[in-house]
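Following: one structure in structure tokens, then a few remarks.
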Amino acid sequence: MVVGGKNNSAKRKGKKSGKPQQRQARAREAAENDFRGADFAHSQVLGYGTMTANTYVQQYAPVPTALDALPPPPVGFTGREDDLAYILGVLDPDRSDEGPAVAVLSDWGGVGKTTLAYAAGHAAQKRDWFTGVLLVDLRGYDPRPAQAEEALEALLRSLGVPHEHLPPPGAGRDALYRSQLNARQEEGERLLVVADNASAIAQVQPLVPPGHHGMLVTSRHRLTGLGRMRTVNRLQPEDAVALLEAALKNNDPDDPRVGEDPQAAERLASACGYLPLALQITAALLAQDPGQPLSERADALGGTDGILDGLDDGERSLRTMFDQSLERLTPQEQDLFRLLALNPGPNISTPAAAVLADQPQPATERLLARLAASHLIERTPAVRGRWQMHDLLLAYAHEQATATMDRGRAPRRRYDQARDRLIHHYIQYAEAADTHLDPPGRPLSARFTDRGQALEWFDAERENLMATAHTTPQAGLDLSSALGSYLKWRRHLQDHVVVNALALDACTKLNDTRRKAAVWNNLGGALLGLRRFEDALHALETARDLYQQTGDTNGEATAWNNLGSALLGLRRFDDALHALDTARDLYQQTGNTNGEATAWNNLGTTLQDLRRFDDALHALETARDLCQQTGDTHGEATAWNNLGNALKRLRRFDDAHHAHQTARDLHQQTGNTHGEAGGWNNLGNALQDLRRFDDAHHAHQTARHLHQQTGNTHGEAGGWNDLGNALRELRRFDDALHAHQTARDLCQQTGDTHGEAIAWNNLGTAYRGLGRVDEAVVAGKQAAAMLAAERDWFRTGEAWGELAITLTAAGADAAQVREAWEQSAQAYTQAGADEEAAASREHANSTETVEAQVPAVADLPARDVASESG
């Protein structure tokens, strides 16, 4: 047991040594001869006269005190400013609250609690808040922890009480300890008691000082009821790197490794979990091998296998510290800690943990709470009822679980059964939640009360579900189906591709030909979401062929419908039209109204690209009516959105405005943020057509923010582009230029060449508005060339017309201007836009300036192209 502290001799000048012991003796004598309230009326009188007695007083030699042994903080102490401020606020003698000056620092081993306590003690001493410090190590996690009586003995001896005056273990020691501290308070002293490494309240409670003295307690457990509690978290990344560098330079001031390779230092700090003890051990190992690059050490620690082996320098071991904490748990708590390592994801809910432990949920929750109180797990900060484990503790839990399974067949079977129960739990609940996301008509699972609760469960469990999909082929296959609607809804598109790729491999391993067509179809739909149209086309053609081979007409219809969306993305409009006509007819044949509505919706979108706007209007009205008939609110919102685009092309701007408002409201109603963003953007375009530019500006800003919120970079690019158009109309050309440049850059980032071409064209108009005509010409030529390469002939015609206006503004010769108008006319002709082609030819033959007669390529409307799961 270590005891000690700091003695402030200046404040004790003139005090007589031994005085606390003399005062104690006098107090005891007074207590023994106190006759107040006594009654002597019936007492025997033994005699009369005078009695003489001799009194002998023993003057003991002064007993040395131990108040000057607080160790300094280790080299590299950093990053604890907030913690220090909190602790000093508790210890401050002038603090406003009247509670005890006791702070309890807790978290798991190695996080730096003791170091922080020492640093706080020194900081308080510098402020002259304490005349001395008492330090006691309670060895709470040793095989034989110190008992409170032992700690009291050590503290009393530090206070100068001689051994022969120590009362036997019990209440007497506690009373003497408190009287000693009270006496020092009367003499103007204030002591700080540091009780380090406690594991139980019973160890600490008798040590809490009375009066105005202060106390710091460190523990790996949350010891409630002693004072103000403070959880000591791991270091921030930059502070962890600073600690590593300081520890290295303490061994060799010329060690250059952190400065030479800061990225490797950051990786190494991350591999150490930003844990001070792990960083100190790593620094010691690096000091033993001065030639080892930090990158090599980081690579060695980067994997989870054997990471704890790499955090042992022969004197200090992270594994040993974890062993000590585990040994303090009950057998049931130890068992649950090991079982938690079987969870494939980063955190676990209380119900899932109960399934894993095969215990009732209330009992499991109590065990989890005790593990959290021991800081071996922690509650997730965002969601109540979820638990997580630090990576290093998780590695330790995996070691413990593996060691348990290696003991024999029975424990291995038990752990395998626990893992299987958990996987089955995740799959069952995912399938149940999925019923609330599918189109109306499918029976709903009673496991969830409504769609909102199902989505909330999916949001909380997504990472666990994705990890579970990797555990077994069957799990991957089952979850690919159960997760599809959710992943599309929340726009987790890469996850959607991954889980379907796993399912495809599973079909091969399990020889499941029946489900292979559906998996190919779902993979194609996932690739559509990522705009990987060529890859989607291959997947969907494979799905279609497999459905045809098995005679699954409804499945074939689904594949044709998704094929149409892929062909639409590839701008193969005639092929898309054929695919979607086929899908619609097959859906009608099988009586699938929801599928038929989806096909009509995609037909309407394709017909717009073919500039058959009246036919598109009919298709989209049919889609809307069918969705209303089946109660498919999401499908209805999709149809309204695309209907608004068709009405805009027919120059029915008020009707388009109403359609986009309705679409936005329905998407809000269903909680579809992605769809709502598209609705806001198209509403902004309709408001521009109505010359309500301030309202349009607000709508596009809202759309842009929502797209950022959902991580939809493609949609965000469209929002920036249309926002730029509104800003141009407001004559805010500098802001418009920034918006179009941002749109162009985002399109380049996502590989959206078509969107980039439109952004280039609108950049040209912004440059022209700023009088930067040379840059406008360059941008216009780039747009026309890119749109022609995309075979978007109508917009190519618009871009050439815009370039002709820019050339006129730049003072180009008449031949160049005429050539641009002729190119515009040719492109319009190829698009079948005869009226626009005639207008461009008229401009080519005219000598008048036509600045106000030709619109810019104003927008690329947000369209809802529906894909379906098989």
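As shown in the structure tokens, the chain order sets the letters A, B, ...; within each chain, residues go from 1, and ligands are also counted from 1 in the order they appear.
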Would you mind listing what lies within 8 Å of Thr231 in chain A as a ChimeraX atom specification, with only C-alpha atoms counted and same-chain residues fewer than 4 positions away left out? /A:105-107
Create the file for the chosen residues now, containing N, CA, C and O atoms and written as a PDB file, in the first residue's frame.
ATOM      1  N   LEU A 105     -13.426   9.302 -10.171  1.00  0.00           N
ATOM      2  CA  LEU A 105     -13.018   9.155 -11.570  1.00  0.00           C
ATOM      3  C   LEU A 105     -13.104   7.686 -11.948  1.00  0.00           C
ATOM      4  O   LEU A 105     -12.478   6.837 -11.302  1.00  0.00           O
ATOM      5  N   SER A 106     -13.873   7.382 -12.976  1.00  0.00           N
ATOM      6  CA  SER A 106     -14.048   5.972 -13.327  1.00  0.00           C
ATOM      7  C   SER A 106     -13.977   5.780 -14.828  1.00  0.00           C
ATOM      8  O   SER A 106     -14.264   6.672 -15.614  1.00  0.00           O
ATOM      9  N   ASP A 107     -13.555   4.631 -15.213  1.00  0.00           N
ATOM     10  CA  ASP A 107     -13.610   4.043 -16.547  1.00  0.00           C
ATOM     11  C   ASP A 107     -12.724   2.812 -16.526  1.00  0.00           C
ATOM     12  O   ASP A 107     -12.158   2.461 -15.490  1.00  0.00           O
TER      13      ASP A 107
END
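Excluding Thr598 in chain A and any residue on its chain fewer than 3 positions from it, the residues at most 7 Å away by only C-alpha atoms are Asn594, Gly595, Asn601, Asn602, Ala623 and Ala866 of chain A.
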Please produce a file of the residues just selected, as a JSON list (two decimals), in the first residue's frame, where the atoms kept are all heavy atoms.
[["chain", "number", "residue", "atom", "x", "y", "z"],
["A", 594, "ASN", "N", -49.93, -3.34, -58.35],
["A", 594, "ASN", "CA", -48.81, -2.52, -57.89],
["A", 594, "ASN", "C", -47.69, -2.51, -58.93],
["A", 594, "ASN", "O", -47.11, -1.46, -59.23],
["A", 594, "ASN", "CB", -48.26, -3.05, -56.56],
["A", 594, "ASN", "CG", -49.15, -2.68, -55.39],
["A", 594, "ASN", "OD1", -49.57, -1.55, -55.25],
["A", 594, "ASN", "ND2", -49.44, -3.66, -54.54],
["A", 595, "GLY", "N", -47.39, -3.67, -59.48],
["A", 595, "GLY", "CA", -46.36, -3.75, -60.52],
["A", 595, "GLY", "C", -46.77, -2.99, -61.76],
["A", 595, "GLY", "O", -45.94, -2.30, -62.39],
["A", 601, "ASN", "N", -45.61, 4.20, -64.52],
["A", 601, "ASN", "CA", -44.81, 5.35, -64.09],
["A", 601, "ASN", "C", -43.52, 5.45, -64.90],
["A", 601, "ASN", "O", -43.15, 6.53, -65.40],
["A", 601, "ASN", "CB", -44.49, 5.22, -62.60],
["A", 601, "ASN", "CG", -43.69, 6.41, -62.09],
["A", 601, "ASN", "OD1", -44.19, 7.50, -61.93],
["A", 601, "ASN", "ND2", -42.40, 6.18, -61.85],
["A", 602, "ASN", "N", -42.83, 4.34, -65.06],
["A", 602, "ASN", "CA", -41.57, 4.36, -65.82],
["A", 602, "ASN", "C", -41.82, 4.62, -67.30],
["A", 602, "ASN", "O", -40.99, 5.26, -67.97],
["A", 602, "ASN", "CB", -40.82, 3.04, -65.62],
["A", 602, "ASN", "CG", -40.27, 2.91, -64.21],
["A", 602, "ASN", "OD1", -40.19, 3.89, -63.47],
["A", 602, "ASN", "ND2", -39.91, 1.69, -63.81],
["A", 623, "ALA", "N", -50.73, 5.71, -63.75],
["A", 623, "ALA", "CA", -49.93, 5.24, -62.62],
["A", 623, "ALA", "C", -50.45, 5.82, -61.30],
["A", 623, "ALA", "O", -50.59, 5.11, -60.30],
["A", 623, "ALA", "CB", -48.46, 5.62, -62.82],
["A", 866, "ALA", "N", -38.80, 4.05, -60.83],
["A", 866, "ALA", "CA", -39.03, 3.01, -59.84],
["A", 866, "ALA", "C", -38.39, 1.71, -60.26],
["A", 866, "ALA", "O", -38.46, 1.30, -61.42],
["A", 866, "ALA", "CB", -40.54, 2.80, -59.66]]
Would you list, as a list in words, the residues of range 168-358 of chain A that end up in strand (DSSP E or B) under DSSP run on this structure's backbone? Leu191, Leu192, Val193, Val194, Ala195, Asp196, Asn197, Ala198, Gly214, Met215, Leu216, Val217, Thr218, Ser219, Arg228, Met229, Arg230, Thr231, Asp312, Ser317, Asn347, Ile348 and Ser349 of chain A
Point-to-point distance from CA of Asn712 in chain A to CA of Asp752 in chain A, Å rounded to tenths: 12.8 Å
Selection near range 287-291 of chain A, 10 Å with only C-alpha atoms, sequence-local residues under 6 positions removed, as a PyMOL selection string: chain A and resi 247-252+255-257+281+313
How about saving the chosen residues, N, CA, C and O atoms kept, as an mmCIF file, in the first residue's frame?
data_model
loop_
_atom_site.group_PDB
_atom_site.id
_atom_site.type_symbol
_atom_site.label_atom_id
_atom_site.label_comp_id
_atom_site.auth_asym_id
_atom_site.auth_seq_id
_atom_site.Cartn_x
_atom_site.Cartn_y
_atom_site.Cartn_z
ATOM 1 N N ALA A 247 6.423 10.415 -25.019
ATOM 2 C CA ALA A 247 6.988 9.212 -24.405
ATOM 3 C C ALA A 247 8.225 8.742 -25.154
ATOM 4 O O ALA A 247 9.199 8.296 -24.558
ATOM 5 N N LEU A 248 8.208 8.841 -26.488
ATOM 6 C CA LEU A 248 9.386 8.460 -27.274
ATOM 7 C C LEU A 248 10.562 9.401 -26.994
ATOM 8 O O LEU A 248 11.701 8.965 -26.819
ATOM 9 N N LYS A 249 10.265 10.681 -26.952
ATOM 10 C CA LYS A 249 11.336 11.661 -26.736
ATOM 11 C C LYS A 249 11.840 11.630 -25.297
ATOM 12 O O LYS A 249 12.960 12.078 -25.019
ATOM 13 N N ASN A 250 11.056 11.099 -24.377
ATOM 14 C CA ASN A 250 11.553 10.935 -23.014
ATOM 15 C C ASN A 250 12.687 9.902 -22.978
ATOM 16 O O ASN A 250 13.628 10.015 -22.188
ATOM 17 N N ASN A 251 12.575 8.894 -23.836
ATOM 18 C CA ASN A 251 13.634 7.895 -23.952
ATOM 19 C C ASN A 251 14.792 8.385 -24.814
ATOM 20 O O ASN A 251 15.948 8.066 -24.548
ATOM 21 N N ASP A 252 14.475 9.148 -25.851
ATOM 22 C CA ASP A 252 15.507 9.686 -26.750
ATOM 23 C C ASP A 252 15.013 11.019 -27.287
ATOM 24 O O ASP A 252 14.144 11.060 -28.160
ATOM 25 N N ASP A 255 14.509 11.344 -30.990
ATOM 26 C CA ASP A 255 13.682 10.386 -31.746
ATOM 27 C C ASP A 255 12.801 11.150 -32.732
ATOM 28 O O ASP A 255 11.926 11.925 -32.330
ATOM 29 N N PRO A 256 12.979 10.925 -34.052
ATOM 30 C CA PRO A 256 12.269 11.751 -35.041
ATOM 31 C C PRO A 256 11.031 11.096 -35.622
ATOM 32 O O PRO A 256 10.406 11.655 -36.523
ATOM 33 N N ARG A 257 10.657 9.918 -35.149
ATOM 34 C CA ARG A 257 9.726 9.090 -35.917
ATOM 35 C C ARG A 257 8.328 9.694 -36.060
ATOM 36 O O ARG A 257 7.718 9.590 -37.126
ATOM 37 N N ILE A 281 2.903 1.658 -23.424
ATOM 38 C CA ILE A 281 3.518 0.359 -23.718
ATOM 39 C C ILE A 281 4.123 0.364 -25.119
ATOM 40 O O ILE A 281 5.253 -0.096 -25.336
ATOM 41 N N ASP A 313 4.816 -4.997 -22.725
ATOM 42 C CA ASP A 313 6.242 -4.684 -22.784
ATOM 43 C C ASP A 313 7.051 -5.446 -21.743
ATOM 44 O O ASP A 313 8.213 -5.111 -21.469
#
Pick from A:Ile423, A:Met405, A:Ala460, A:Leu690, whichever lies nearest to Thr380 in chain A using only C-alpha atoms: A:Ala460
Name the residues in contact with range 492-507 of chain A at a cut-off of 9 Å, using only C-alpha atoms, excluding same-chain residues fewer than 6 positions from it; report them as a ChimeraX atom specification. /A:466,469-470,472-481,483-484,486,513-516,519-520,522-527,529-530,711
Env of Gln628 in chain A: 12 Å cut, atoms = only C-alpha atoms, seq-sep filter 5 positions within chain, self excluded. Answer as a PDB file with N, CA and C atoms, in the first residue's frame.
ATOM      1  N   PRO A 439     -45.133  -2.663 -50.565  1.00  0.00           N
ATOM      2  CA  PRO A 439     -46.400  -2.064 -51.017  1.00  0.00           C
ATOM      3  C   PRO A 439     -47.586  -2.643 -50.266  1.00  0.00           C
ATOM      4  N   PRO A 440     -48.680  -1.903 -50.201  1.00  0.00           N
ATOM      5  CA  PRO A 440     -49.866  -2.371 -49.465  1.00  0.00           C
ATOM      6  C   PRO A 440     -50.366  -3.697 -50.009  1.00  0.00           C
ATOM      7  N   THR A 593     -51.420  -5.315 -59.705  1.00  0.00           N
ATOM      8  CA  THR A 593     -51.743  -3.897 -59.895  1.00  0.00           C
ATOM      9  C   THR A 593     -50.592  -2.992 -59.455  1.00  0.00           C
ATOM     10  N   ASN A 594     -49.933  -3.338 -58.350  1.00  0.00           N
ATOM     11  CA  ASN A 594     -48.807  -2.515 -57.891  1.00  0.00           C
ATOM     12  C   ASN A 594     -47.694  -2.506 -58.931  1.00  0.00           C
ATOM     13  N   ALA A 597     -48.684  -0.388 -61.936  1.00  0.00           N
ATOM     14  CA  ALA A 597     -48.551   1.048 -61.669  1.00  0.00           C
ATOM     15  C   ALA A 597     -47.092   1.491 -61.826  1.00  0.00           C
ATOM     16  N   GLU A 621     -50.821   9.677 -65.313  1.00  0.00           N
ATOM     17  CA  GLU A 621     -52.128   9.754 -64.657  1.00  0.00           C
ATOM     18  C   GLU A 621     -52.647   8.359 -64.347  1.00  0.00           C
ATOM     19  N   THR A 622     -52.392   7.413 -65.258  1.00  0.00           N
ATOM     20  CA  THR A 622     -52.796   6.022 -65.011  1.00  0.00           C
ATOM     21  C   THR A 622     -52.041   5.457 -63.811  1.00  0.00           C
ATOM     22  N   ALA A 623     -50.732   5.715 -63.751  1.00  0.00           N
ATOM     23  CA  ALA A 623     -49.928   5.240 -62.619  1.00  0.00           C
ATOM     24  C   ALA A 623     -50.447   5.818 -61.304  1.00  0.00           C
ATOM     25  N   THR A 633     -49.085   4.962 -51.139  1.00  0.00           N
ATOM     26  CA  THR A 633     -48.795   6.393 -51.032  1.00  0.00           C
ATOM     27  C   THR A 633     -47.441   6.732 -51.638  1.00  0.00           C
ATOM     28  N   HIS A 634     -46.459   5.883 -51.421  1.00  0.00           N
ATOM     29  CA  HIS A 634     -45.131   6.139 -51.985  1.00  0.00           C
ATOM     30  C   HIS A 634     -45.184   6.135 -53.513  1.00  0.00           C
ATOM     31  N   GLY A 635     -45.848   5.133 -54.084  1.00  0.00           N
ATOM     32  CA  GLY A 635     -45.974   5.092 -55.540  1.00  0.00           C
ATOM     33  C   GLY A 635     -46.759   6.277 -56.082  1.00  0.00           C
ATOM     34  N   GLU A 636     -47.778   6.704 -55.339  1.00  0.00           N
ATOM     35  CA  GLU A 636     -48.558   7.861 -55.779  1.00  0.00           C
ATOM     36  C   GLU A 636     -47.693   9.121 -55.787  1.00  0.00           C
ATOM     37  N   ALA A 637     -46.864   9.290 -54.746  1.00  0.00           N
ATOM     38  CA  ALA A 637     -45.972  10.451 -54.705  1.00  0.00           C
ATOM     39  C   ALA A 637     -45.026  10.449 -55.896  1.00  0.00           C
ATOM     40  N   THR A 638     -44.508   9.264 -56.238  1.00  0.00           N
ATOM     41  CA  THR A 638     -43.615   9.134 -57.393  1.00  0.00           C
ATOM     42  C   THR A 638     -44.331   9.558 -58.674  1.00  0.00           C
ATOM     43  N   ALA A 639     -45.546   9.091 -58.828  1.00  0.00           N
ATOM     44  CA  ALA A 639     -46.305   9.430 -60.039  1.00  0.00           C
ATOM     45  C   ALA A 639     -46.601  10.924 -60.100  1.00  0.00           C
ATOM     46  N   TRP A 640     -47.005  11.541 -58.997  1.00  0.00           N
ATOM     47  CA  TRP A 640     -47.268  12.986 -58.984  1.00  0.00           C
ATOM     48  C   TRP A 640     -46.013  13.780 -59.377  1.00  0.00           C
ATOM     49  N   LEU A 666     -46.715  14.250 -50.033  1.00  0.00           N
ATOM     50  CA  LEU A 666     -46.853  12.807 -49.841  1.00  0.00           C
ATOM     51  C   LEU A 666     -45.535  12.178 -49.401  1.00  0.00           C
TER      52      LEU A 666
END
Which residues are near range 804-806 of chain A? Cut-off 7 Å, only C-alpha atoms, ignore same chain within fewer than 4 positions. Put them as a PyMOL selection string. chain A and resi 768+773+776-777+800+810+817+820-821+850-851
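For the pair CA of Gln236 in chain A and CA of Ala124 in chain A, the separation is 24.2 Å.
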Per DSSP on the backbone, filter range 148-186 of chain A down to the residues in helix (DSSP H, G or I) and report them as a VMD selection string. chain A and resid 148 to 158 163 to 165 171 to 186
Can I get the residues of range 334-453 of chain A within 8 Å of range 296-311 of chain A, each with the closest pair of atoms and their distance in Å to one decimal, using only C-alpha atoms, sorted chain first then ascending number, as JSON lines?
{"residue": "A:Leu392", "atom": "CA", "partner": "A:Leu308", "partner_atom": "CA", "distance": 7.5}
{"residue": "A:Ala395", "atom": "CA", "partner": "A:Thr304", "partner_atom": "CA", "distance": 6.2}
{"residue": "A:Tyr396", "atom": "CA", "partner": "A:Leu308", "partner_atom": "CA", "distance": 7.4}
Write the residues you've just listed into a file as a PDB file, in the first residue's frame, and include C-alpha atoms for each of them.
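What landed in again-v3.pdb:
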ATOM      1  CA  LEU A 392      -9.407  -3.550 -27.451  1.00  0.00           C
ATOM      2  CA  ALA A 395     -10.450  -8.272 -28.908  1.00  0.00           C
ATOM      3  CA  TYR A 396     -10.072  -9.463 -25.323  1.00  0.00           C
TER       4      TYR A 396
END
